[in-house]
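Novice: I'm passing along entry.csv; it holds CSV, C-alpha atoms and all ligand atoms.
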```csv
chain,number,residue,atom,x,y,z
A,284,MET,CA,-50.4,83.3,-169.8
A,285,ASN,CA,-48.7,82.5,-173.2
A,286,ASN,CA,-46.1,84.7,-174.8
A,287,PHE,CA,-48.2,85.8,-177.7
A,288,CYS,CA,-51.4,87.4,-176.6
A,289,TYR,CA,-53.5,88.3,-173.5
A,290,HIS,CA,-56.7,90.1,-172.9
A,291,LEU,CA,-57.4,93.1,-170.7
A,292,ASN,CA,-60.3,93.8,-168.5
A,293,ILE,CA,-60.7,97.4,-169.3
A,294,ASN,CA,-63.7,99.0,-171.0
A,295,ILE,CA,-62.2,101.9,-172.9
A,296,GLU,CA,-62.8,102.6,-176.6
A,297,PRO,CA,-59.6,103.6,-178.5
A,298,ILE,CA,-61.1,105.9,-181.2
A,299,ASP,CA,-64.2,108.1,-181.5
A,300,ASN,CA,-67.4,106.4,-182.5
A,301,ASN,CA,-67.9,108.4,-185.7
A,302,PHE,CA,-64.5,107.6,-187.0
A,303,LEU,CA,-65.1,103.9,-186.1
A,304,SER,CA,-68.3,104.0,-188.2
A,305,GLU,CA,-66.4,105.6,-191.0
A,306,LEU,CA,-63.8,102.8,-190.9
A,307,VAL,CA,-66.5,100.2,-190.9
A,308,SER,CA,-68.2,101.6,-194.0
A,309,LYS,CA,-65.0,102.3,-195.9
A,310,LYS,CA,-63.6,98.8,-195.5
A,311,GLU,CA,-60.0,100.0,-196.4
A,312,LYS,CA,-57.3,97.4,-195.9
A,313,ILE,CA,-55.1,99.8,-193.9
A,314,THR,CA,-56.0,103.3,-192.5
A,315,ILE,CA,-53.7,105.5,-190.5
A,316,ILE,CA,-55.6,106.7,-187.4
A,317,PRO,CA,-55.0,110.4,-187.0
A,318,LYS,CA,-53.9,111.4,-183.4
A,319,GLU,CA,-57.1,113.5,-182.9
A,320,LYS,CA,-59.3,110.5,-183.4
A,321,ILE,CA,-57.8,108.6,-180.5
A,322,THR,CA,-59.9,109.0,-177.4
A,323,TYR,CA,-58.7,111.0,-174.3
A,324,GLU,CA,-59.8,108.1,-172.2
A,325,ILE,CA,-57.2,105.7,-173.7
A,326,ILE,CA,-54.5,108.4,-173.9
A,327,ASN,CA,-55.0,109.2,-170.2
A,328,PHE,CA,-55.2,105.5,-169.2
A,329,LEU,CA,-51.9,104.7,-171.0
A,330,ASP,CA,-50.3,107.9,-169.7
A,331,SER,CA,-51.0,106.9,-166.2
A,332,PHE,CA,-48.6,104.1,-166.7
A,333,ASN,CA,-46.0,106.3,-168.5
A,334,LEU,CA,-47.0,104.8,-171.9
A,335,GLY,CA,-47.4,106.6,-175.1
A,336,ILE,CA,-48.8,105.8,-178.5
A,337,ALA,CA,-46.3,105.7,-181.4
A,338,GLY,CA,-49.1,105.4,-183.9
A,339,GLY,CA,-52.4,103.9,-184.7
A,340,LEU,CA,-53.6,101.9,-187.6
A,341,SER,CA,-56.8,100.1,-188.5
A,342,PHE,CA,-56.9,96.9,-190.5
A,343,TYR,CA,-59.9,95.7,-192.3
A,344,ARG,CA,-60.2,92.1,-193.5
A,345,SER,CA,-63.1,90.5,-195.4
A,346,ALA,CA,-64.6,87.2,-194.4
A,347,ASN,CA,-62.7,84.0,-195.3
A,348,ASN,CA,-59.4,85.9,-195.7
A,349,GLU,CA,-55.9,85.0,-194.7
A,350,SER,CA,-53.3,87.8,-194.3
A,351,ALA,CA,-49.7,87.6,-195.3
A,352,ILE,CA,-47.3,86.4,-192.6
A,353,HIS,CA,-45.3,89.4,-191.4
A,354,MET,CA,-43.7,91.3,-188.5
A,355,ASP,CA,-44.6,94.9,-187.6
A,356,CYS,CA,-40.9,95.9,-187.7
A,357,ASN,CA,-37.8,95.4,-189.8
A,358,THR,CA,-36.2,92.7,-187.8
A,359,ILE,CA,-37.3,90.2,-185.1
A,360,GLN,CA,-37.8,92.1,-181.8
A,361,ASP,CA,-40.0,92.2,-178.7
A,362,LYS,CA,-42.7,94.8,-179.2
A,363,VAL,CA,-46.3,94.7,-178.3
A,364,ASN,CA,-49.4,96.4,-179.7
A,365,MET,CA,-52.8,97.0,-178.1
A,366,ASN,CA,-55.5,95.7,-180.3
A,367,TRP,CA,-59.3,96.0,-180.4
A,368,VAL,CA,-60.9,93.6,-182.8
A,369,TYR,CA,-64.5,94.2,-184.0
A,370,PHE,CA,-67.0,92.2,-186.0
A,371,GLN,CA,-65.5,88.8,-185.8
A,372,ASP,CA,-66.9,85.3,-185.4
A,373,PHE,CA,-65.3,82.5,-183.4
A,374,GLN,CA,-63.3,81.5,-186.5
A,375,SER,CA,-61.2,84.7,-186.6
A,376,ARG,CA,-57.7,84.0,-185.3
A,377,MET,CA,-54.3,85.5,-185.0
A,378,HIS,CA,-51.4,83.1,-185.6
A,379,TRP,CA,-47.7,83.3,-184.6
A,380,TYR,CA,-44.8,81.5,-186.2
A,381,LYS,CA,-41.1,80.8,-185.7
A,382,PHE,CA,-38.6,80.6,-188.5
A,383,LYS,CA,-37.6,77.1,-189.4
A,384,ASP,CA,-34.1,78.2,-190.2
A,385,THR,CA,-32.2,81.5,-190.5
A,386,PRO,CA,-34.8,84.3,-190.6
A,387,LYS,CA,-35.7,85.3,-194.2
A,388,TYR,CA,-37.9,88.2,-194.9
A,389,LYS,CA,-38.5,91.2,-197.2
A,390,ILE,CA,-38.7,94.7,-195.6
A,391,LEU,CA,-41.6,96.7,-196.8
A,392,THR,CA,-43.1,100.1,-195.8
A,393,LEU,CA,-46.6,100.9,-194.5
A,394,PRO,CA,-48.5,104.0,-195.5
A,395,ASN,CA,-47.4,105.7,-192.3
A,396,GLY,CA,-43.7,105.1,-193.1
A,397,ASP,CA,-43.2,102.3,-190.6
A,398,ASN,CA,-41.4,99.2,-191.8
A,399,TYR,CA,-42.9,95.7,-191.7
A,400,THR,CA,-41.6,92.5,-193.1
A,401,ASP,CA,-43.1,90.0,-195.5
A,402,ILE,CA,-42.4,86.4,-194.7
A,403,LEU,CA,-43.0,83.3,-196.9
A,404,LYS,CA,-45.1,80.5,-195.4
A,405,GLU,CA,-42.6,77.8,-196.2
A,406,ASP,CA,-39.9,79.6,-194.1
A,407,VAL,CA,-41.9,79.4,-190.8
A,408,GLU,CA,-43.7,77.0,-188.6
A,409,LEU,CA,-47.0,77.7,-186.7
A,410,ILE,CA,-46.4,77.9,-182.9
A,411,HIS,CA,-49.7,79.5,-181.6
A,412,SER,CA,-53.2,80.5,-182.7
A,413,GLU,CA,-55.7,82.5,-180.7
A,414,LYS,CA,-58.9,84.5,-181.0
A,415,ILE,CA,-58.2,88.1,-180.3
A,416,GLU,CA,-60.8,89.9,-178.3
A,417,PHE,CA,-60.6,93.5,-177.2
A,418,PRO,CA,-58.6,95.1,-175.9
A,419,SER,CA,-55.7,92.7,-176.1
A,420,ILE,CA,-52.0,92.9,-176.0
A,421,VAL,CA,-50.3,91.0,-178.8
A,422,GLN,CA,-46.6,90.3,-179.6
A,423,ALA,CA,-46.1,92.0,-183.0
A,424,GLY,CA,-42.3,91.7,-183.3
A,425,ILE,CA,-42.3,88.0,-184.4
A,426,PRO,CA,-43.9,86.5,-187.5
A,427,HIS,CA,-47.7,86.6,-187.3
A,428,SER,CA,-50.8,86.6,-189.5
A,429,VAL,CA,-54.6,86.8,-189.2
A,430,SER,CA,-57.3,84.7,-190.7
A,431,THR,CA,-61.0,85.5,-190.7
A,432,GLY,CA,-63.9,83.1,-190.7
A,433,ALA,CA,-67.4,83.6,-191.8
A,434,SER,CA,-67.5,87.3,-190.9
A,435,GLU,CA,-65.4,90.4,-191.6
A,436,ARG,CA,-62.9,91.9,-189.1
A,437,LEU,CA,-61.8,95.3,-188.2
A,438,CYS,CA,-58.8,95.7,-186.0
A,439,ILE,CA,-57.8,99.0,-184.3
A,440,CYS,CA,-54.1,98.7,-183.4
A,441,LEU,CA,-52.1,101.1,-181.2
A,442,CYS,CA,-48.4,100.7,-181.1
A,443,LEU,CA,-47.3,101.4,-177.5
A,444,THR,CA,-44.1,103.1,-176.3
A,445,ASN,CA,-42.6,103.1,-172.9
A,446,ASN,CA,-42.0,106.8,-172.0
A,447,LEU,CA,-39.4,105.8,-169.4
A,448,THR,CA,-37.2,104.0,-171.9
A,449,ASN,CA,-38.3,105.9,-175.0
A,450,LYS,CA,-38.5,102.5,-176.7
A,451,LYS,CA,-41.4,100.3,-178.0
A,452,LEU,CA,-43.1,98.6,-175.1
A,453,THR,CA,-41.9,95.0,-174.6
A,454,TRP,CA,-43.9,91.9,-173.6
A,455,ASP,CA,-42.6,91.7,-170.0
A,456,GLU,CA,-43.0,95.4,-169.4
A,457,SER,CA,-46.6,95.2,-170.6
A,458,ALA,CA,-47.3,92.2,-168.5
A,459,ASN,CA,-46.0,94.0,-165.3
A,460,ILE,CA,-47.9,97.2,-166.1
A,461,PHE,CA,-51.2,95.6,-166.9
A,462,SER,CA,-51.0,92.8,-164.3
A,463,LYS,CA,-54.1,94.1,-162.5
A,464,TYR,CA,-56.1,94.2,-165.7
A,465,THR,CA,-55.2,90.8,-167.2
A,466,LYS,CA,-58.1,88.5,-167.9
A,467,ILE,CA,-57.3,84.9,-166.8
B,1,FE,FE,-49.1,92.8,-187.7
```
Just dump the structure as structure tokens.
Specialist:
Amino acid sequence: MNNFCYHLNINIEPIDNNFLSELVSKKEKITIIPKEKITYEIINFLDSFNLGIAGGLSFYRSANNESAIHMDCNTIQDKVNMNWVYFQDFQSRMHWYKFKDTPKYKILTLPNGDNYTDILKEDVELIHSEKIEFPSIVQAGIPHSVSTGASERLCICLCLTNNLTNKKLTWDESANIFSKYTKI
């Protein structure tokens, strides 16, 4: 397993089907997922591991699009998200980067009030690229971006918290918790 992404062998949808169809037709770049649209199945599954959901967002990208490089937080940290990526072809990829020098970034705010950081391409170096299937666990606390290929992409993203520590779920915690479900 690398340190950026792994896929899970679970068959649980994160949000209700009608809301998913709505997101598909609206094609909004970012949508906050209301708590009541998250399925009981995923809430219960996560709860059985003492995991909570800090928030959910959906991201729509058109074909042949490259997102900005960013981190899902206001400073480099170890935090994972659970992602479901729909409507992608084999060319859609998530990319991870390291800073060439001292980290440089601009802190911005998402519609839900969470901070993220914008990073210039020239300040980072690509270290890994991978196709994201669903569901998958991705490292979101270091610089990353997404590029689509010939088809559009919708990503449902749940930010996970560890109820035992009351902090964002880290990579190693997630790997331990989901070891039985990891696809090799
Ligand atoms: Fe992100």
Novice: With all atoms listed in the file counted, collect every polymer residue having an atom within 8 Å of ligand FE 1 (chain B); state the result as a PyMOL selection string.
Specialist: chain A and resi 353-355+399+423+427-428
Novice: For those residues, write C-alpha atoms to a file as a PDB file, keeping the file's coordinate frame.
Specialist:
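Okay, result_37.pdb is ready:
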```pdb
ATOM      1  CA  HIS A 353     -45.300  89.400-191.400  1.00  0.00           C
ATOM      2  CA  MET A 354     -43.700  91.300-188.500  1.00  0.00           C
ATOM      3  CA  ASP A 355     -44.600  94.900-187.600  1.00  0.00           C
ATOM      4  CA  TYR A 399     -42.900  95.700-191.700  1.00  0.00           C
ATOM      5  CA  ALA A 423     -46.100  92.000-183.000  1.00  0.00           C
ATOM      6  CA  HIS A 427     -47.700  86.600-187.300  1.00  0.00           C
ATOM      7  CA  SER A 428     -50.800  86.600-189.500  1.00  0.00           C
TER       8      SER A 428
END
```
Novice: From the options A:His290, A:Lys389, A:Arg344, A:Lys404, which residue's atoms come nearest to Phe370 (chain A), counting all atoms listed in the file?
Specialist: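 Closest to Phe370 (chain A) of all the choices is A:Arg344.
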Novice: Between A:Lys463, A:Lys381, A:Lys451, A:Lys320, single out the one closest to Leu340 (chain A), counting only C-alpha atoms.
Specialist: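 Closest to Leu340 (chain A), using only C-alpha atoms: A:Lys320.
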Novice: Find, counting all atoms listed in the file, the residue in A:Ser375, A:Asn398, A:Ser419, A:Asn357 that gets nearest to Ile295 (chain A).
Specialist: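 Closest candidate: A:Ser419.
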Novice: For each of A:Ser308, A:Thr400, A:Ser412, A:Gln360, take the minimum atom-to-atom distance to Cys288 (chain A), counting all atoms listed in the file, then give the residue where this is smallest.
Specialist: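 That would be A:Ser412, the residue with the smallest distance to Cys288 (chain A).
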Novice: Would you mind listing what lies within 12 Å of Asp384 (chain A) as a list in words, with all atoms listed in the file counted and same-chain residues fewer than 6 positions away left out?
Specialist: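 Non-adjacent residues within range: Glu405, Asp406, Val407 and Glu408 of chain A.
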Novice: Those same residues - C-alpha atoms - I'd like them written as a compact mmCIF listing (two decimals), keeping the file's coordinate frame.
Specialist:
```
# COMPACT_ATOMS: atom_id res chain seq x y z
CA GLU A 405 -42.60 77.80 -196.20
CA ASP A 406 -39.90 79.60 -194.10
CA VAL A 407 -41.90 79.40 -190.80
CA GLU A 408 -43.70 77.00 -188.60
```
Novice: Got a sec: who's within 12 Å of Asn301 (chain A), counting all atoms listed in the file, leaving out chain neighbours fewer than 5 positions off, as a PDB file with C-alpha atoms, in the coordinates of the input?
Specialist:
```
ATOM      1  CA  GLU A 296     -62.800 102.600-176.600  1.00  0.00           C
ATOM      2  CA  LEU A 306     -63.800 102.800-190.900  1.00  0.00           C
ATOM      3  CA  VAL A 307     -66.500 100.200-190.900  1.00  0.00           C
ATOM      4  CA  SER A 308     -68.200 101.600-194.000  1.00  0.00           C
ATOM      5  CA  LYS A 320     -59.300 110.500-183.400  1.00  0.00           C
ATOM      6  CA  ILE A 321     -57.800 108.600-180.500  1.00  0.00           C
ATOM      7  CA  THR A 322     -59.900 109.000-177.400  1.00  0.00           C
TER       8      THR A 322
END
```
Novice: Give as a list of chain:residue names the set of residues within 6 Å of the point (-46.0, 104.0, -179.8), where distances use the file's coordinates and all atoms listed in the file.
Specialist: A:Gly335, A:Ile336, A:Ala337, A:Gly338, A:Cys442, A:Leu443, A:Thr444
